[in-house]
Amino acid sequence: MTTSPEAGTHPVDLSLMRQTAQILLDPDAAPDALPPGAAELDTLTRTLRGHLELLVPEVEMATGRFRKDNIPRHCALACVGEVRGRLRVQPRPGLNGAAAHARRLARVLTALCDHYEVLHALLAKEEESDDDHS
């Protein structure tokens with residue numbers, strides 16, 4: 001579990017978020033497993049949405065600690081925009097439409113987890129550099 005550097009924010013469990021996404025993104029990991037049924041797919045989709053809603057403000061908070069011309073900051077904010085778009089979209093009718101929507105949420109969650117890790121690694125490196133100069 002990763003804890004945000006800002007006091008009072010929720011801990012972010014990137015491992016759990018990635019595991020949830022992988023259920024939908026890696027069918028080869030369990031080749032004998034059946035695709036999720038409607039009830040399980042609904043639960044996974046709601047879980048993915050919850051993860052995204054938790055992670056977006058954490059990523060936005062981290063981007064605020066970088067200069068406006070910082071490339072990782074721009075990439076992370078572009079991903080946040082993509083997340084917001086995906087959260088607004090309603091799935092097409094039927095199980096196939098719901099599954100495709102859930103996979104899109106899983107992919108954008110994985111990308112947002114990557115951005116969170118990059119930003120926090122850069123912040124840690126920056127803090128370490130500041131400590132060396134003190």
# chains A, B, ... in the order shown; residues from 1 in each chain; ligands from 1
$ residues_around --residues "Thr110 in chain A" --least-positions-apart "3" --cutoff "7 Å" --atoms "only C-alpha atoms" --output "PyMOL selection string"
chain A and resi 18+21+106-107+113-114
$ select_by_dssp --residues "chain A" --states "helix (DSSP H, G or I)" --output "ChimeraX atom specification"
/A:14-25,27-29,38-63,71-88,94-132
$ atom_distance --atom1 "CA of Leu55 in chain A" --atom2 "CA of His101 in chain A"
18.7 Å
$ residues_around --residues "Leu41 in chain A" --least-positions-apart "2" --cutoff "10 Å" --atoms "only C-alpha atoms" --output "number ranges by chain"
A: 24, 35-39, 43-47, 95, 98-99, 102
$ write_last_selection --atoms "all heavy atoms" --output "mmCIF file, in the first residue's frame"
data_model
loop_
_atom_site.group_PDB
_atom_site.id
_atom_site.type_symbol
_atom_site.label_atom_id
_atom_site.label_comp_id
_atom_site.auth_asym_id
_atom_site.auth_seq_id
_atom_site.Cartn_x
_atom_site.Cartn_y
_atom_site.Cartn_z
ATOM 1 N N LEU A 24 -9.820 -8.341 -15.709
ATOM 2 C CA LEU A 24 -10.455 -8.081 -17.005
ATOM 3 C C LEU A 24 -9.475 -8.012 -18.161
ATOM 4 O O LEU A 24 -9.845 -8.217 -19.305
ATOM 5 C CB LEU A 24 -11.235 -6.766 -16.941
ATOM 6 C CG LEU A 24 -12.450 -6.825 -16.032
ATOM 7 C CD1 LEU A 24 -12.868 -5.441 -15.617
ATOM 8 C CD2 LEU A 24 -13.580 -7.562 -16.718
ATOM 9 N N PRO A 35 -15.447 -16.145 -18.649
ATOM 10 C CA PRO A 35 -15.562 -14.691 -18.523
ATOM 11 C C PRO A 35 -16.537 -14.366 -17.386
ATOM 12 O O PRO A 35 -17.419 -15.167 -17.071
ATOM 13 C CB PRO A 35 -16.122 -14.247 -19.867
ATOM 14 C CG PRO A 35 -16.166 -15.442 -20.737
ATOM 15 C CD PRO A 35 -15.901 -16.653 -19.911
ATOM 16 N N PRO A 36 -16.389 -13.200 -16.779
ATOM 17 C CA PRO A 36 -17.285 -12.865 -15.665
ATOM 18 C C PRO A 36 -18.731 -12.777 -16.133
ATOM 19 O O PRO A 36 -19.018 -12.331 -17.244
ATOM 20 C CB PRO A 36 -16.780 -11.511 -15.184
ATOM 21 C CG PRO A 36 -15.868 -11.004 -16.233
ATOM 22 C CD PRO A 36 -15.437 -12.155 -17.066
ATOM 23 N N GLY A 37 -19.623 -13.221 -15.274
ATOM 24 C CA GLY A 37 -21.053 -13.102 -15.547
ATOM 25 C C GLY A 37 -21.511 -11.681 -15.280
ATOM 26 O O GLY A 37 -20.728 -10.825 -14.848
ATOM 27 N N ALA A 38 -22.781 -11.419 -15.521
ATOM 28 C CA ALA A 38 -23.317 -10.060 -15.400
ATOM 29 C C ALA A 38 -23.137 -9.493 -13.996
ATOM 30 O O ALA A 38 -22.722 -8.344 -13.837
ATOM 31 C CB ALA A 38 -24.787 -10.042 -15.804
ATOM 32 N N ALA A 39 -23.433 -10.279 -12.968
ATOM 33 C CA ALA A 39 -23.323 -9.783 -11.590
ATOM 34 C C ALA A 39 -21.871 -9.489 -11.231
ATOM 35 O O ALA A 39 -21.565 -8.447 -10.641
ATOM 36 C CB ALA A 39 -23.926 -10.787 -10.615
ATOM 37 N N THR A 43 -20.044 -5.844 -10.405
ATOM 38 C CA THR A 43 -19.226 -5.617 -9.208
ATOM 39 C C THR A 43 -17.835 -5.121 -9.591
ATOM 40 O O THR A 43 -17.320 -4.170 -8.993
ATOM 41 C CB THR A 43 -19.123 -6.909 -8.372
ATOM 42 O OG1 THR A 43 -20.442 -7.304 -7.972
ATOM 43 C CG2 THR A 43 -18.245 -6.721 -7.152
ATOM 44 N N LEU A 44 -17.217 -5.752 -10.582
ATOM 45 C CA LEU A 44 -15.891 -5.320 -11.038
ATOM 46 C C LEU A 44 -15.934 -3.891 -11.564
ATOM 47 O O LEU A 44 -15.046 -3.083 -11.271
ATOM 48 C CB LEU A 44 -15.372 -6.257 -12.136
ATOM 49 C CG LEU A 44 -14.847 -7.604 -11.683
ATOM 50 C CD1 LEU A 44 -14.640 -8.524 -12.884
ATOM 51 C CD2 LEU A 44 -13.554 -7.446 -10.901
ATOM 52 N N THR A 45 -16.957 -3.562 -12.329
ATOM 53 C CA THR A 45 -17.078 -2.216 -12.888
ATOM 54 C C THR A 45 -17.223 -1.183 -11.778
ATOM 55 O O THR A 45 -16.554 -0.144 -11.792
ATOM 56 C CB THR A 45 -18.267 -2.134 -13.867
ATOM 57 O OG1 THR A 45 -18.053 -3.088 -14.910
ATOM 58 C CG2 THR A 45 -18.415 -0.746 -14.469
ATOM 59 N N ARG A 46 -18.075 -1.476 -10.797
ATOM 60 C CA ARG A 46 -18.236 -0.540 -9.684
ATOM 61 C C ARG A 46 -16.939 -0.406 -8.892
ATOM 62 O O ARG A 46 -16.581 0.689 -8.448
ATOM 63 C CB ARG A 46 -19.392 -0.971 -8.787
ATOM 64 C CG ARG A 46 -20.747 -0.626 -9.411
ATOM 65 C CD ARG A 46 -21.932 -0.862 -8.495
ATOM 66 N NE ARG A 46 -22.276 -2.284 -8.524
ATOM 67 C CZ ARG A 46 -22.224 -3.098 -7.464
ATOM 68 N NH1 ARG A 46 -21.868 -2.645 -6.297
ATOM 69 N NH2 ARG A 46 -22.542 -4.366 -7.575
ATOM 70 N N THR A 47 -16.208 -1.504 -8.745
ATOM 71 C CA THR A 47 -14.924 -1.458 -8.035
ATOM 72 C C THR A 47 -13.915 -0.622 -8.803
ATOM 73 O O THR A 47 -13.207 0.210 -8.213
ATOM 74 C CB THR A 47 -14.387 -2.886 -7.808
ATOM 75 O OG1 THR A 47 -15.360 -3.630 -7.062
ATOM 76 C CG2 THR A 47 -13.075 -2.877 -7.055
ATOM 77 N N LEU A 95 -24.251 -7.715 -22.286
ATOM 78 C CA LEU A 95 -23.066 -8.146 -21.557
ATOM 79 C C LEU A 95 -21.782 -7.777 -22.296
ATOM 80 O O LEU A 95 -20.800 -7.364 -21.672
ATOM 81 C CB LEU A 95 -23.123 -9.669 -21.312
ATOM 82 C CG LEU A 95 -22.092 -10.241 -20.359
ATOM 83 C CD1 LEU A 95 -22.147 -9.551 -19.004
ATOM 84 C CD2 LEU A 95 -22.282 -11.741 -20.211
ATOM 85 N N ALA A 98 -21.100 -4.106 -21.701
ATOM 86 C CA ALA A 98 -20.659 -3.902 -20.318
ATOM 87 C C ALA A 98 -19.227 -4.388 -20.127
ATOM 88 O O ALA A 98 -18.428 -3.743 -19.443
ATOM 89 C CB ALA A 98 -21.597 -4.628 -19.358
ATOM 90 N N ALA A 99 -18.885 -5.515 -20.762
ATOM 91 C CA ALA A 99 -17.525 -6.052 -20.639
ATOM 92 C C ALA A 99 -16.511 -5.130 -21.317
ATOM 93 O O ALA A 99 -15.433 -4.871 -20.773
ATOM 94 C CB ALA A 99 -17.461 -7.455 -21.241
ATOM 95 N N ALA A 102 -16.001 -2.122 -19.095
ATOM 96 C CA ALA A 102 -15.192 -2.478 -17.919
ATOM 97 C C ALA A 102 -13.716 -2.614 -18.303
ATOM 98 O O ALA A 102 -12.837 -2.173 -17.556
ATOM 99 C CB ALA A 102 -15.711 -3.769 -17.297
#
$ closest_residue --among "A:Val83, A:Leu109, A:Ala100, A:Arg65" --to "Leu48 in chain A" --atoms "only C-alpha atoms"
A:Leu109
$ residues_around --residues "Tyr116 in chain A" --least-positions-apart "2" --cutoff "8 Å" --atoms "only C-alpha atoms" --output "JSON, numbers by chain"
{"A": [58, 59, 62, 76, 112, 113, 114, 118, 119, 120]}
$ write_last_selection --atoms "N, CA, C and O atoms" --output "compact mmCIF listing (two decimals), in the first residue's frame"
# COMPACT_ATOMS: atom_id res chain seq x y z
N GLU A 58 -5.75 12.01 -6.02
CA GLU A 58 -4.38 11.78 -5.56
C GLU A 58 -3.37 12.16 -6.64
O GLU A 58 -2.35 12.78 -6.36
N VAL A 59 -3.68 11.80 -7.88
CA VAL A 59 -2.79 12.15 -9.00
C VAL A 59 -2.81 13.66 -9.22
O VAL A 59 -1.76 14.28 -9.39
N ALA A 62 -0.69 15.35 -6.66
CA ALA A 62 0.74 15.17 -6.95
C ALA A 62 1.18 16.07 -8.10
O ALA A 62 2.27 16.64 -8.06
N ALA A 76 0.21 12.89 -16.91
CA ALA A 76 -0.71 12.46 -15.85
C ALA A 76 -2.05 13.20 -15.96
O ALA A 76 -3.11 12.58 -15.81
N LEU A 112 -3.38 5.11 -15.00
CA LEU A 112 -3.36 6.09 -13.92
C LEU A 112 -2.47 5.62 -12.77
O LEU A 112 -1.76 6.43 -12.17
N CYS A 113 -2.48 4.33 -12.49
CA CYS A 113 -1.57 3.77 -11.48
C CYS A 113 -0.11 4.04 -11.88
O CYS A 113 0.72 4.42 -11.04
N ASP A 114 0.19 3.84 -13.16
CA ASP A 114 1.54 4.10 -13.65
C ASP A 114 1.92 5.57 -13.44
O ASP A 114 3.02 5.87 -12.98
N VAL A 118 4.99 7.13 -11.18
CA VAL A 118 6.02 8.00 -11.77
C VAL A 118 6.10 9.31 -11.01
O VAL A 118 7.18 9.77 -10.63
N LEU A 119 4.95 9.94 -10.77
CA LEU A 119 4.94 11.23 -10.08
C LEU A 119 5.53 11.11 -8.68
O LEU A 119 6.34 11.95 -8.27
N HIS A 120 5.14 10.07 -7.96
CA HIS A 120 5.64 9.91 -6.59
C HIS A 120 7.11 9.53 -6.56
O HIS A 120 7.83 9.94 -5.64
$ closest_residue --among "A:Cys75, A:Arg49, A:Arg103, A:Glu117" --to "Asp26 in chain A" --atoms "only C-alpha atoms"
A:Arg103
$ residues_around --residues "Gly81 in chain A" --least-positions-apart "4" --cutoff "12 Å" --atoms "only C-alpha atoms" --output "count of residues only"
15
$ closest_residue --among "A:Pro91, A:Asp69, A:Glu40, A:Ala121" --to "Thr20 in chain A" --atoms "only C-alpha atoms"
A:Glu40
